[in-house]
Each structure stands twice: as C-alpha cells, then as structure tokens.
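Undergrad: Before I ask anything, here is the structure I am working with.
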Amino acid sequence: MRNALGLLLATVVAALAITGVWYWVSKPSAAKAAAQSAAAKPSELTPPPTKVAAKGAKDDVEYTGTVPAKPAASAAAPVQPKSTCANPDALGISRTVVVDTSGGPGFGLDHFKQFDFLADREVVLTFDDGPWPGNTPAVLKALADECTTGIFFSIGKHATYHPEILRLVAAAGHVVGVHTWSHANLNGKKMTDEMAKEELEKGFSAVKFALGANPAPFFRFPQLQHRPSAVAYLGSRNIAMFSCDVDSFDFRSKDADQVVNTVMTGLDKKGKGIILMHDFQKNTALALPTLLRRLKAGGFKVVAMRPKGTLDTLPEYDAMIGQDPKLPTTMTNARPISSVIQTVAQ
Ligand SMILES: [Zn+2]
C-alpha cells in the first residue's frame, strides 16, 4: 500500500515535473512565434525576407522587423552625392526630377508654358555651345566645388572637336543634351525641313560619337529659334525641348560681374526658372563660382533634370559623323504634368 501510494505520488510528481518542463520549454517558443508573426506583417509590403524565414532563430525575428524600415528610411533621406561632397556649405542639389520625354515636352516658360514644374526659388542650370577647352573645364570645376549639376547642350561639331572634354562633362554627373550639329538658325531663310532634320540628327549622332553612348533626349534650339516643323519632328522623336526663363546674355556681357548681375536680376524678377548660360563663354566660366555662391545666399535651390531614357540615334546620321575626314512642335502635348516629370529624390 505504501509502496503503491509512493509509486502514485512519484508518478504525479514526475507528471508535474514533465508538464512543468514542457511548459517551461514551450512558453518561450509560443512567445517567439507570436513575435515572428507580428514582425512579419510590415514585411508584407517588402520583398519576402527569405534568409530570415529559413533560419527562424530569435535574432532573425528582430532582423525581420528592421527590413521594412529600410525603404522608408531611404525614401526620406536626402538625394545627394553629398557623401562625396567635400563642401559642407555647398549649393548642392535640392531635388532630382526624371523627365519622360514622350511626345517632346517643352520646358522654359519663355516659350513653353505647359509644364511649369519648378517651385519658387528653384532653378535649373543649363550651359550651351560647348564643349570648349578652358571654359568648359572651369565650369565643371565651379559646379563640382558646389556639389551641383546642370544640363549641357553641346554643339555637335564641338563635341567632335573635343570629345574628351564632353566625356568629362558626362563623367561628372551632368546631363548632356544637344544644340544642333553646327549651331545653325533653324528658322533661317535658306533652311529647309530636310536641312533642319540633318542639323538635329547629326547633332545627336555627334554627341553619341563623342560620348560613346546615347545622348539624353534633351535639345535646345540655337538662338531659341523654334522652327515649328522641327518642334513637331522632335516631338515625333520623343525629344524634350528646352527654352529658358532667365537668360544670362553672357555672350554679350563685358565681364563676369555683368553675367552674375544679369542672372540675379532675372531671378529677382521671376523668382525661379531655367537659367541659360554658355560653358563656351569665358565670362560665364569666370562668373560661375560667384554666381553659385549668390544663388546659395539668395535661398535658391538647384533642381537636377534627368531623362527617363536615352535617344537612339539614326544609323544614317551616325555614318555621316564617322565619314567626316576633319574629325578626330507645335506643342500639342496633352499629358498631365505628373506623367511627364516626377521628383524621384528630394
Ligand atoms: Zn547656342
């Protein structure tokens, strides 16, 4: 009887002990499972954490929770190549927009009113007529010192004279667009549609020749002479057109100070805009360090415009460039502004 009772007690104690051990072991597991399911919910918005799920260890549960935070953190982070910018007070880039050039949208309110995407105090820096020895490298240095970027509308011939300089422009992170083959006035009296087409296409082919890569589908008419049939043609080629808001008139400025004053006066009047300058002009090269400081001091912010894609040049015009022995719209774009140009980083 005592033995039987003792056996019973021993069995009960053993059962309790086993239950206790089971409970001790299982409880943290249940808590861990709950933590896993809770942590997994946010990650449904992100690619599945495959490595984490495969392991299932406690440390990985915490790791799972951090995965969804990464895109949110990066989305809120500032754009910049600021990690490589040595100037803590640089003008920099306030935001980057990507341009869908389908149908040939136009920018610069002097001629194209539809896509008014710049906010007050926002500017876009543009430089025409290069690349050119001395002046273009000086412009590049001034922009690099301020950790900012612009759009360079290259003359095709100049690109073939100095391809190494145009490659420096592209390598520095600027966008390289085109400004015709020979800077011809496309509204000139002797200009035909076929000649205008050749000026456009040879310009793009020459820039491709110089860069060894397709150019941006960005174009500016010489002297802002917008030949209607050429506008329509550029639209059919899905090339964006750039007029301007503030003209530096640097080509007729007597010195660097006059370039700075003309731009700042124009900005005071308009409050924002695409600024037209020439990296071909010595006075602009000399003025740029001061001008960029003035922009910073005036609270102006630089917007970087980048094309969504590049332009496929036409083989028959590419062939014309290679054979030259001298070488080393009427805007009816009905799309809403948000489908043409979007901020991709800020
Ligand atoms: Zn020009």
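Labels for the structure tokens follow display order: chains A, B, ..., residues from 1 in each chain, ligands from 1.
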7 Å from ligand 1 is the threshold here; counting only C-alpha atoms and all ligand atoms, which polymer residues fall inside it? Answer as a list in words.
TA: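 The neighbouring residues of ligand 1 are, in order, Asp128, Asp129, His179, His183, Pro222 and Gln223 of chain A.
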Undergrad: Would you give me, as a count of residues only, the residues in segment 150-345 of chain A that DSSP reads as strand (DSSP E)?
TA: 33
Undergrad: Quick one: residues within 6 Å of segment 272-284 of chain A, only C-alpha atoms, excluding same-chain residues fewer than 4 positions away - as an MDAnalysis selection string?
TA: chainID A and resid 108 120:130 132 135:136 244:248 255:256 267 288
Undergrad: Determine the nearest neighbour of Ser236 of chain A from the options A:Lys197, A:Arg306, A:Arg167, A:Lys208, counting only C-alpha atoms.
TA: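 Using only C-alpha atoms, Ser236 of chain A sits closest to A:Lys197.
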Undergrad: From a DSSP calculation on the backbone, collect every residue of segment 69-263 of chain A in helix (DSSP H, G or I) and output the set as a ChimeraX atom specification.
TA: /A:69-76,82-84,135-145,156-161,163-171,193-211,222-224,228-236,250-252,256-263
Undergrad: Those residues you just picked out, can you put them in a file as a tab-separated table (two decimals), in the first residue's frame with C-alpha atoms?
TA:
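Output saved as result-v8.tsv:
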chain	number	residue	atom	x	y	z
A	69	ALA	CA	12.24	50.19	-42.22
A	70	LYS	CA	14.97	50.39	-44.85
A	71	PRO	CA	12.94	51.60	-47.85
A	72	ALA	CA	11.10	54.09	-45.67
A	73	ALA	CA	14.34	55.47	-44.31
A	74	SER	CA	15.95	55.76	-47.73
A	75	ALA	CA	12.84	57.39	-49.21
A	76	ALA	CA	13.07	60.13	-46.62
A	82	LYS	CA	26.68	64.60	-50.65
A	83	SER	CA	28.63	61.65	-49.38
A	84	THR	CA	31.34	62.66	-51.82
A	135	ASN	CA	35.94	77.35	-70.27
A	136	THR	CA	34.07	74.05	-70.02
A	137	PRO	CA	36.57	72.54	-67.54
A	138	ALA	CA	36.34	75.76	-65.47
A	139	VAL	CA	32.56	75.47	-65.40
A	140	LEU	CA	32.86	71.83	-64.36
A	141	LYS	CA	35.17	72.77	-61.51
A	142	ALA	CA	32.84	75.50	-60.25
A	143	LEU	CA	29.89	73.08	-60.29
A	144	ALA	CA	31.92	70.35	-58.59
A	145	ASP	CA	33.04	72.77	-55.87
A	156	GLY	CA	27.72	68.53	-82.44
A	157	LYS	CA	30.81	69.89	-84.16
A	158	HIS	CA	32.32	70.99	-80.87
A	159	ALA	CA	31.65	67.53	-79.43
A	160	THR	CA	33.68	66.02	-82.26
A	161	TYR	CA	36.50	68.55	-81.81
A	163	PRO	CA	35.19	64.57	-77.20
A	164	GLU	CA	37.46	64.16	-74.18
A	165	ILE	CA	36.00	67.32	-72.62
A	166	LEU	CA	32.44	66.20	-73.26
A	167	ARG	CA	33.27	62.89	-71.61
A	168	LEU	CA	34.44	64.84	-68.56
A	169	VAL	CA	31.06	66.58	-68.51
A	170	ALA	CA	29.19	63.26	-68.55
A	171	ALA	CA	31.57	61.65	-66.06
A	193	ASP	CA	12.95	70.91	-93.30
A	194	GLU	CA	15.44	68.34	-94.56
A	195	MET	CA	18.38	70.55	-93.60
A	196	ALA	CA	16.84	71.18	-90.20
A	197	LYS	CA	16.41	67.45	-89.66
A	198	GLU	CA	20.06	66.92	-90.54
A	199	GLU	CA	21.12	69.64	-88.07
A	200	LEU	CA	19.17	67.87	-85.33
A	201	GLU	CA	20.11	64.28	-86.10
A	202	LYS	CA	23.76	64.96	-86.85
A	203	GLY	CA	23.97	66.85	-83.58
A	204	PHE	CA	22.72	63.85	-81.63
A	205	SER	CA	24.92	61.47	-83.63
A	206	ALA	CA	27.97	63.65	-82.98
A	207	VAL	CA	27.35	63.68	-79.23
A	208	LYS	CA	26.95	59.91	-79.33
A	209	PHE	CA	30.20	59.71	-81.26
A	210	ALA	CA	31.97	61.81	-78.60
A	211	LEU	CA	30.49	60.10	-75.56
A	222	PRO	CA	20.20	77.81	-81.29
A	223	GLN	CA	19.18	81.40	-80.57
A	224	LEU	CA	15.92	79.92	-79.24
A	228	PRO	CA	7.61	74.79	-85.99
A	229	SER	CA	8.27	71.78	-88.23
A	230	ALA	CA	11.39	70.97	-86.21
A	231	VAL	CA	9.40	71.20	-82.98
A	232	ALA	CA	6.96	68.69	-84.44
A	233	TYR	CA	9.82	66.47	-85.62
A	234	LEU	CA	11.47	66.49	-82.19
A	235	GLY	CA	8.11	65.55	-80.71
A	236	SER	CA	7.94	62.56	-83.04
A	250	ASP	CA	26.68	86.07	-71.19
A	251	PHE	CA	27.71	86.15	-74.87
A	252	ARG	CA	27.38	89.93	-74.82
A	256	ALA	CA	31.94	88.18	-65.19
A	257	ASP	CA	30.19	90.65	-62.87
A	258	GLN	CA	27.71	91.51	-65.57
A	259	VAL	CA	26.85	87.82	-66.02
A	260	VAL	CA	26.20	87.46	-62.29
A	261	ASN	CA	24.12	90.61	-62.14
A	262	THR	CA	22.02	89.75	-65.20
A	263	VAL	CA	21.15	86.30	-63.81
